[in-house]
Amino acid sequence: MRLNAEEFGKLEHKSITLLGMSGVGKTFLSNILRQSGWFHYSGDYRIGTRYLSEPILDNIKIQAMQVPFLRDLLRSDSIYINNNMTFENLDAVSTFLGKIGDPELGGLSLEEFKRRQNLFYHAEHAAMSDVPEFMSKARQIYGLNNFINDAGGSLCEIDDDALLDMLADNTIILYIQANKDDEKRLIDRATASPKPMYYRAEYLDEQLAIYMEENQLEYVAMIDPDAFVRWVFSRLFYSRIPRYEAIAEKYGYTIKTEDLYQIKTESDFLELVKKAITEQT
């Protein structure tokens with residue numbers, strides 16, 4: 001959605017898609033806006049509660065069935081397992097994605113890892129395709145005029161111009177660009193606590209081959225799952241930046257993390273968007 005600052009200010013129904021790496025501030029900003037009456041649509045929450053809910057539960061049940069005490073209770077329907085995801089706690093999605101490598105260290109086989117990656121890709125695509133429907137629900141059911149799409153960090157990995165066209169037609173795409181200090185913070189955090197990530201299939205194959213050659217590993221099952229995530233994160237981070245920038249240049253606008261972190265109110269945010277539109281139009 002391309003428009004000038006005055007047109008944005010006059011919009012009766014404001015709708016924004018936030019684009020950027022996980023941890024850059026998308027949910028921080030969304031929470032501020034939600035407190036001001038915006039409808040907060042979390043792509044990852046939609047993925048976990050709708051499109052990956054059954055695979056996530058199946059995975060948990062598989063783990064539970066390995067414990068004799070729980071297995072007997074599940075078989076007799078004495079207990080049940082359910083997801084309890086919130087916008088702030090989406091660990092079940094991360095746990096399902098998992099990490100590749102040595103099964104003794106909690107790693108997944110290459111086949112199983114790629115299966116889950118593929119499921120996540122289609123789930124994220126479906127969740128973003130639902131944005132127009134939820135914009136309508138926000139107004140018709142909840143009476144909320146403004147809509148914030150808190151998209152996952154891997155949105156830039158979806159090579160589908162039709163999907164991006166749809167998001168651009170319905171929302172203003174706002175890329176949150178990390179400065180050098182924030183880039184280092186995100187990389188340091190990933191190194192200290194490596195989390196499961198989504199990788200494009202061809203990118204995963206390329207990086208796995210490099211990692212295994214550098215570490216003289218013959219089989220994927222020899223990989224330390226956390227060590228691989230630590231090694232690949234900065235590479236993934238910097239591979240995504242040009243993809244984010246290309247989307248922002250074609251469809252939207254860019255704001256910087258140092259400006260984002262100064263936001264305390266809805267008015268602060270709206271002024272920042274107007275400034276970005278004015279400077280980048």
# chains A, B, ... in the order shown; residues from 1 in each chain; ligands from 1

$ select_by_dssp --residues "stretch 20-237 of chain A" --states "helix (DSSP H, G or I)" --output "ChimeraX atom specification"
/A:26-34,43-51,53-64,68-75,91-97,103-105,110-129,131-140,153-157,161-170,180-192,201-214,220-222,225-237

$ select_by_dssp --residues "stretch 74-274 of chain A" --states "strand (DSSP E)" --output "ChimeraX atom specification"
/A:147-150,172-177,253-256

$ closest_atom_pairs --of "stretch 175-257 of chain A" --to "stretch 109-116 of chain A" --cutoff "8 Å" --atoms "only C-alpha atoms" --output "Markdown table"
| residue | atom | partner | partner_atom | distance |
| --- | --- | --- | --- | --- |
| A:Ala201 | CA | A:Lys114 | CA | 7.6 |
| A:Val220 | CA | A:Leu110 | CA | 6.8 |
| A:Ala221 | CA | A:Ser109 | CA | 6.7 |

$ closest_atom_pairs --of "stretch 193-214 of chain A" --to "stretch 15-24 of chain A" --cutoff "12 Å" --atoms "only C-alpha atoms" --output "Markdown table"
| residue | atom | partner | partner_atom | distance |
| --- | --- | --- | --- | --- |
| A:Lys195 | CA | A:Ser22 | CA | 10.6 |
| A:Pro196 | CA | A:Ser22 | CA | 11.5 |
| A:Met197 | CA | A:Ser22 | CA | 9.7 |
| A:Tyr198 | CA | A:Ser22 | CA | 11.1 |

$ closest_residue --among "A:Asp224, A:Asp268, A:Glu183, A:Asp44" --to "A:Leu155" --atoms "only C-alpha atoms"
A:Asp44

$ atom_distance --atom1 "atom CA of A:Asn83" --atom2 "atom CA of A:Gly25"
25.2 Å
